[in-house]
Structures are given as structure tokens and as C-alpha cells.
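This is model_7.txt (compact mmCIF, N, CA and C atoms).
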```txt
# COMPACT_ATOMS: atom_id res chain seq x y z
N MET A 1 129.35 68.91 15.71
CA MET A 1 130.27 69.01 16.81
C MET A 1 129.68 69.91 17.87
N HIS A 2 129.75 69.48 19.11
CA HIS A 2 129.16 70.23 20.22
C HIS A 2 130.25 70.91 21.02
N THR A 3 130.09 72.21 21.26
CA THR A 3 131.04 72.92 22.13
C THR A 3 130.34 73.24 23.43
N PRO A 4 131.01 73.01 24.54
CA PRO A 4 130.36 73.25 25.83
C PRO A 4 130.13 74.74 26.04
N ASP A 5 129.03 75.04 26.71
CA ASP A 5 128.72 76.42 27.05
C ASP A 5 129.50 76.79 28.30
N LEU A 6 130.40 77.73 28.18
CA LEU A 6 131.27 78.10 29.29
C LEU A 6 130.55 78.90 30.36
N HIS A 7 129.36 79.37 30.08
CA HIS A 7 128.64 80.21 31.03
C HIS A 7 127.71 79.42 31.93
N THR A 8 127.60 78.14 31.72
CA THR A 8 126.73 77.34 32.58
C THR A 8 127.55 76.74 33.69
N THR A 9 126.90 76.49 34.81
CA THR A 9 127.56 75.86 35.94
C THR A 9 126.91 74.53 36.20
N THR A 10 127.66 73.65 36.82
CA THR A 10 127.10 72.34 37.12
C THR A 10 126.27 72.37 38.39
N SER A 11 126.48 73.37 39.21
CA SER A 11 125.72 73.49 40.44
C SER A 11 124.82 74.71 40.35
N THR A 12 123.56 74.53 40.68
CA THR A 12 122.63 75.66 40.63
C THR A 12 122.54 76.36 41.97
N GLN A 13 123.14 75.79 42.99
CA GLN A 13 123.08 76.39 44.32
C GLN A 13 124.15 77.48 44.43
N GLN A 14 123.71 78.70 44.75
CA GLN A 14 124.61 79.83 44.93
C GLN A 14 124.95 79.96 46.40
N PRO A 15 126.19 80.30 46.73
CA PRO A 15 126.54 80.48 48.13
C PRO A 15 125.80 81.68 48.71
N ASP A 16 125.43 81.55 49.97
CA ASP A 16 124.72 82.63 50.65
C ASP A 16 125.73 83.42 51.47
N TYR A 17 126.06 84.59 50.98
CA TYR A 17 127.05 85.43 51.66
C TYR A 17 126.42 86.36 52.68
N ASN A 18 125.11 86.41 52.72
CA ASN A 18 124.43 87.35 53.60
C ASN A 18 124.59 87.03 55.08
N HIS A 19 124.89 85.82 55.42
CA HIS A 19 124.98 85.47 56.84
C HIS A 19 126.37 85.74 57.42
N TYR A 20 127.32 86.11 56.59
CA TYR A 20 128.65 86.42 57.07
C TYR A 20 128.70 87.87 57.54
N HIS A 21 129.40 88.09 58.64
CA HIS A 21 129.60 89.45 59.09
C HIS A 21 130.65 90.09 58.20
N THR A 22 130.37 91.29 57.83
CA THR A 22 131.36 91.99 57.01
C THR A 22 132.11 92.97 57.87
N SER A 23 133.35 93.10 57.57
CA SER A 23 134.18 94.07 58.28
C SER A 23 134.56 95.15 57.29
N PRO A 24 134.97 96.29 57.81
CA PRO A 24 135.39 97.35 56.88
C PRO A 24 136.54 96.87 56.02
N PRO A 25 136.63 97.37 54.81
CA PRO A 25 137.73 96.93 53.94
C PRO A 25 139.07 97.29 54.55
N LEU A 26 140.04 96.45 54.30
CA LEU A 26 141.38 96.70 54.80
C LEU A 26 141.95 97.92 54.11
N GLN A 27 142.66 98.71 54.87
CA GLN A 27 143.36 99.84 54.28
C GLN A 27 144.66 99.32 53.69
N LEU A 28 144.75 99.37 52.40
CA LEU A 28 145.97 98.94 51.75
C LEU A 28 146.96 100.09 51.77
N ARG A 29 148.18 99.77 52.04
CA ARG A 29 149.21 100.80 52.06
C ARG A 29 149.50 101.22 50.64
N ASP A 30 149.63 102.50 50.48
CA ASP A 30 149.94 103.04 49.16
C ASP A 30 151.43 102.81 48.90
N SER A 31 151.73 101.91 47.99
CA SER A 31 153.14 101.57 47.77
C SER A 31 153.93 102.74 47.20
N HIS A 32 153.24 103.59 46.45
CA HIS A 32 153.94 104.77 45.93
C HIS A 32 154.38 105.67 47.07
N ASN A 33 153.49 105.92 48.02
CA ASN A 33 153.84 106.75 49.18
C ASN A 33 154.95 106.10 49.98
N ASP A 34 154.85 104.80 50.21
CA ASP A 34 155.89 104.10 50.97
C ASP A 34 157.24 104.18 50.26
N SER A 35 157.24 104.00 48.96
CA SER A 35 158.51 104.02 48.24
C SER A 35 159.12 105.42 48.23
N ASN A 36 158.28 106.45 48.12
CA ASN A 36 158.81 107.82 48.18
C ASN A 36 159.38 108.13 49.55
N THR A 37 158.73 107.66 50.59
CA THR A 37 159.23 107.90 51.95
C THR A 37 160.56 107.19 52.16
N LEU A 38 160.65 105.96 51.70
CA LEU A 38 161.92 105.22 51.82
C LEU A 38 163.01 105.84 50.96
N LEU A 39 162.65 106.30 49.79
CA LEU A 39 163.63 106.95 48.92
C LEU A 39 164.11 108.25 49.55
N ALA A 40 163.20 108.99 50.17
CA ALA A 40 163.59 110.23 50.86
C ALA A 40 164.59 109.92 51.95
N LEU A 41 164.35 108.88 52.71
CA LEU A 41 165.28 108.49 53.77
C LEU A 41 166.63 108.12 53.18
N ALA A 42 166.63 107.34 52.13
CA ALA A 42 167.89 106.93 51.50
C ALA A 42 168.68 108.13 50.99
N LEU A 43 167.99 109.06 50.36
CA LEU A 43 168.68 110.25 49.84
C LEU A 43 169.28 111.08 50.97
N LEU A 44 168.52 111.26 52.04
CA LEU A 44 169.02 112.05 53.16
C LEU A 44 170.15 111.35 53.90
N LEU A 45 170.10 110.02 53.97
CA LEU A 45 171.17 109.29 54.66
C LEU A 45 172.52 109.45 53.97
N ASP A 46 172.50 109.78 52.70
CA ASP A 46 173.76 110.02 51.99
C ASP A 46 174.46 111.29 52.48
N PHE A 47 173.70 112.22 53.06
CA PHE A 47 174.26 113.52 53.40
C PHE A 47 174.15 113.91 54.87
N LEU A 48 173.31 113.22 55.60
CA LEU A 48 173.05 113.61 56.99
C LEU A 48 173.31 112.46 57.95
N PRO A 49 173.56 112.77 59.22
CA PRO A 49 173.63 111.70 60.23
C PRO A 49 172.28 110.96 60.30
N HIS A 50 172.33 109.71 60.68
CA HIS A 50 171.14 108.86 60.69
C HIS A 50 169.97 109.49 61.44
N GLU A 51 170.23 109.99 62.62
CA GLU A 51 169.15 110.54 63.44
C GLU A 51 168.45 111.71 62.73
N ARG A 52 169.25 112.60 62.16
CA ARG A 52 168.69 113.76 61.46
C ARG A 52 167.94 113.33 60.20
N ALA A 53 168.47 112.38 59.47
CA ALA A 53 167.79 111.88 58.27
C ALA A 53 166.44 111.26 58.64
N HIS A 54 166.38 110.51 59.73
CA HIS A 54 165.13 109.91 60.18
C HIS A 54 164.13 110.97 60.62
N GLN A 55 164.61 112.05 61.18
CA GLN A 55 163.72 113.13 61.60
C GLN A 55 163.09 113.85 60.41
N LEU A 56 163.83 113.94 59.32
CA LEU A 56 163.40 114.78 58.19
C LEU A 56 162.82 114.04 56.99
N HIS A 57 162.97 112.73 56.93
CA HIS A 57 162.65 112.05 55.67
C HIS A 57 161.19 112.16 55.25
N GLN A 58 160.24 112.11 56.16
CA GLN A 58 158.84 112.22 55.75
C GLN A 58 158.52 113.63 55.25
N ARG A 59 159.08 114.61 55.92
CA ARG A 59 158.90 115.99 55.48
C ARG A 59 159.55 116.20 54.11
N PHE A 60 160.74 115.66 53.92
CA PHE A 60 161.44 115.76 52.64
C PHE A 60 160.60 115.12 51.53
N ALA A 61 160.03 113.96 51.82
CA ALA A 61 159.18 113.29 50.82
C ALA A 61 158.00 114.16 50.44
N SER A 62 157.32 114.73 51.43
CA SER A 62 156.13 115.51 51.12
C SER A 62 156.45 116.87 50.50
N GLU A 63 157.54 117.49 50.90
CA GLU A 63 157.86 118.83 50.40
C GLU A 63 158.68 118.82 49.11
N VAL A 64 159.39 117.74 48.85
CA VAL A 64 160.26 117.71 47.68
C VAL A 64 159.86 116.62 46.69
N LEU A 65 159.86 115.37 47.13
CA LEU A 65 159.65 114.26 46.20
C LEU A 65 158.26 114.28 45.57
N TYR A 66 157.22 114.52 46.37
CA TYR A 66 155.87 114.50 45.83
C TYR A 66 155.59 115.69 44.92
N LYS A 67 156.41 116.73 45.00
CA LYS A 67 156.20 117.93 44.19
C LYS A 67 157.08 117.99 42.95
N LEU A 68 157.84 116.95 42.71
CA LEU A 68 158.65 116.92 41.50
C LEU A 68 157.75 116.86 40.28
N PRO A 69 158.14 117.51 39.19
CA PRO A 69 157.33 117.46 37.97
C PRO A 69 157.17 116.02 37.48
N GLN A 70 156.05 115.78 36.83
CA GLN A 70 155.76 114.46 36.26
C GLN A 70 156.92 113.99 35.39
N GLY A 71 157.41 112.80 35.65
CA GLY A 71 158.49 112.23 34.86
C GLY A 71 159.88 112.54 35.36
N ARG A 72 160.02 113.43 36.33
CA ARG A 72 161.36 113.73 36.87
C ARG A 72 161.66 112.76 38.00
N SER A 73 162.71 112.03 37.87
CA SER A 73 163.08 111.03 38.87
C SER A 73 163.77 111.69 40.06
N PRO A 74 163.37 111.32 41.27
CA PRO A 74 164.05 111.83 42.46
C PRO A 74 165.51 111.41 42.53
N LEU A 75 165.86 110.38 41.79
CA LEU A 75 167.24 109.91 41.80
C LEU A 75 168.20 110.90 41.15
N PHE A 76 167.66 111.87 40.42
CA PHE A 76 168.50 112.87 39.76
C PHE A 76 168.61 114.16 40.56
N LEU A 77 168.10 114.15 41.80
CA LEU A 77 168.31 115.32 42.66
C LEU A 77 169.80 115.40 43.00
N SER A 78 170.34 116.57 42.88
CA SER A 78 171.76 116.72 43.17
C SER A 78 171.99 116.92 44.66
N ARG A 79 173.23 116.79 45.05
CA ARG A 79 173.61 117.07 46.43
C ARG A 79 173.22 118.50 46.78
N HIS A 80 173.41 119.40 45.84
CA HIS A 80 173.06 120.80 46.05
C HIS A 80 171.55 120.96 46.30
N ASP A 81 170.72 120.27 45.50
CA ASP A 81 169.27 120.33 45.67
C ASP A 81 168.87 119.86 47.07
N ILE A 82 169.42 118.75 47.48
CA ILE A 82 169.07 118.16 48.78
C ILE A 82 169.55 119.04 49.92
N MET A 83 170.79 119.47 49.86
CA MET A 83 171.34 120.28 50.95
C MET A 83 170.71 121.68 50.98
N SER A 84 170.29 122.20 49.86
CA SER A 84 169.58 123.48 49.85
C SER A 84 168.28 123.36 50.63
N TRP A 85 167.58 122.27 50.43
CA TRP A 85 166.34 122.04 51.17
C TRP A 85 166.63 121.89 52.66
N VAL A 86 167.64 121.09 53.01
CA VAL A 86 167.99 120.86 54.41
C VAL A 86 168.37 122.19 55.08
N ASN A 87 169.18 122.99 54.42
CA ASN A 87 169.62 124.27 55.01
C ASN A 87 168.48 125.28 55.12
N ALA A 88 167.48 125.16 54.30
CA ALA A 88 166.35 126.10 54.30
C ALA A 88 165.36 125.84 55.43
N ILE A 89 165.37 124.65 55.97
CA ILE A 89 164.38 124.35 57.03
C ILE A 89 164.88 124.73 58.41
```
What's the C-alpha cells form of this structure?
Amino acid sequence: MHTPDLHTTTSTQQPDYNHYHTSPPLQLRDSHNDSNTLLALALLLDFLPHERAHQLHQRFASEVLYKLPQGRSPLFLSRHDIMSWVNAI
């Protein structure tokens, strides 16, 4: 019984990629950073007027959410935790 060799190709001609212009790699958005920023906005919108929440959400994400201990969910921040941060700035 003959089994086909999966490593062989039917075409021996390899594509020539050298003639294509290369561009710098695309910067992929860090979904973790995006989700923390959006979560920061959502948390602040529960307690602050929209304009103020929009002004502070990126700072809140960097100063609070990114510094939470490993495994601690930002969803368990209390109203007191959030408002303490807001009042301190």
C-alpha cells in the first residue's frame, strides 16, 4: 500500500516575493488596552456626567485598571474605590 508524501508539491516553481515592495508591518491595536480603556469609560459613566467621564477614562485606565493585581477583575471595583480616585485627582 502506498501512502502519499505530504511534504512534496506538485509544482516545483516557487513564487518570487522579492519583486514586491514591502511596507512596514501594520500596527495592530492591542485589544487588551482597548478593552481596559472602554471598561474605564463604562465604570466612570456610572458615576460621572458623560463629559467628565470622557475626560478621565484614559487616565483612570492607566492609573487604576492597569495597576490592579493579577487576577483582580476591574468589575469588582466598588463605588467607593472609583469615587476615591475621582476625588483625589
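Interatomic distance, atom CA of A:Trp85 to atom CA of A:Asp34: 20.8 Å.
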Original post:
Skipping near chain neighbours, those fewer than 5 positions away, what residues fall within 12 Å of A:Ala88 using only C-alpha atoms, listed as a VMD selection string?
Top reply: chain A and resid 60 63 80 to 83
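Between atom CA of A:Gly71 and atom CA of A:Ala40 the separation is 16.9 Å.
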Subject >> d(atom CA of A:His57, atom CA of A:Leu41) in Å >> reply: 4.8 Å
**OP:** May I ask which of the residues A:Val64, A:Leu75, A:Pro69, A:Asn87 is the closest one to A:Leu43, counting only C-alpha atoms?
**Re:** A:Leu75
Centre, x/y/z edge lengths, axis-aligned box for stretch 32-45 of chain A with 3 Å per side, as AutoDock Vina command-line options:
```
--center_x 162.9 --center_y 107.8 --center_z 50.3 --size_x 25.3 --size_y 14.5 --size_z 14.7
```
Subject >> Long-range neighbours of A:Leu44 as a VMD selection string, 8 Å cut-off, all atoms listed in the file, 4 positions minimum in chain >> reply: chain A and resid 38 to 40 48 to 50 52 to 54 56 to 57 82
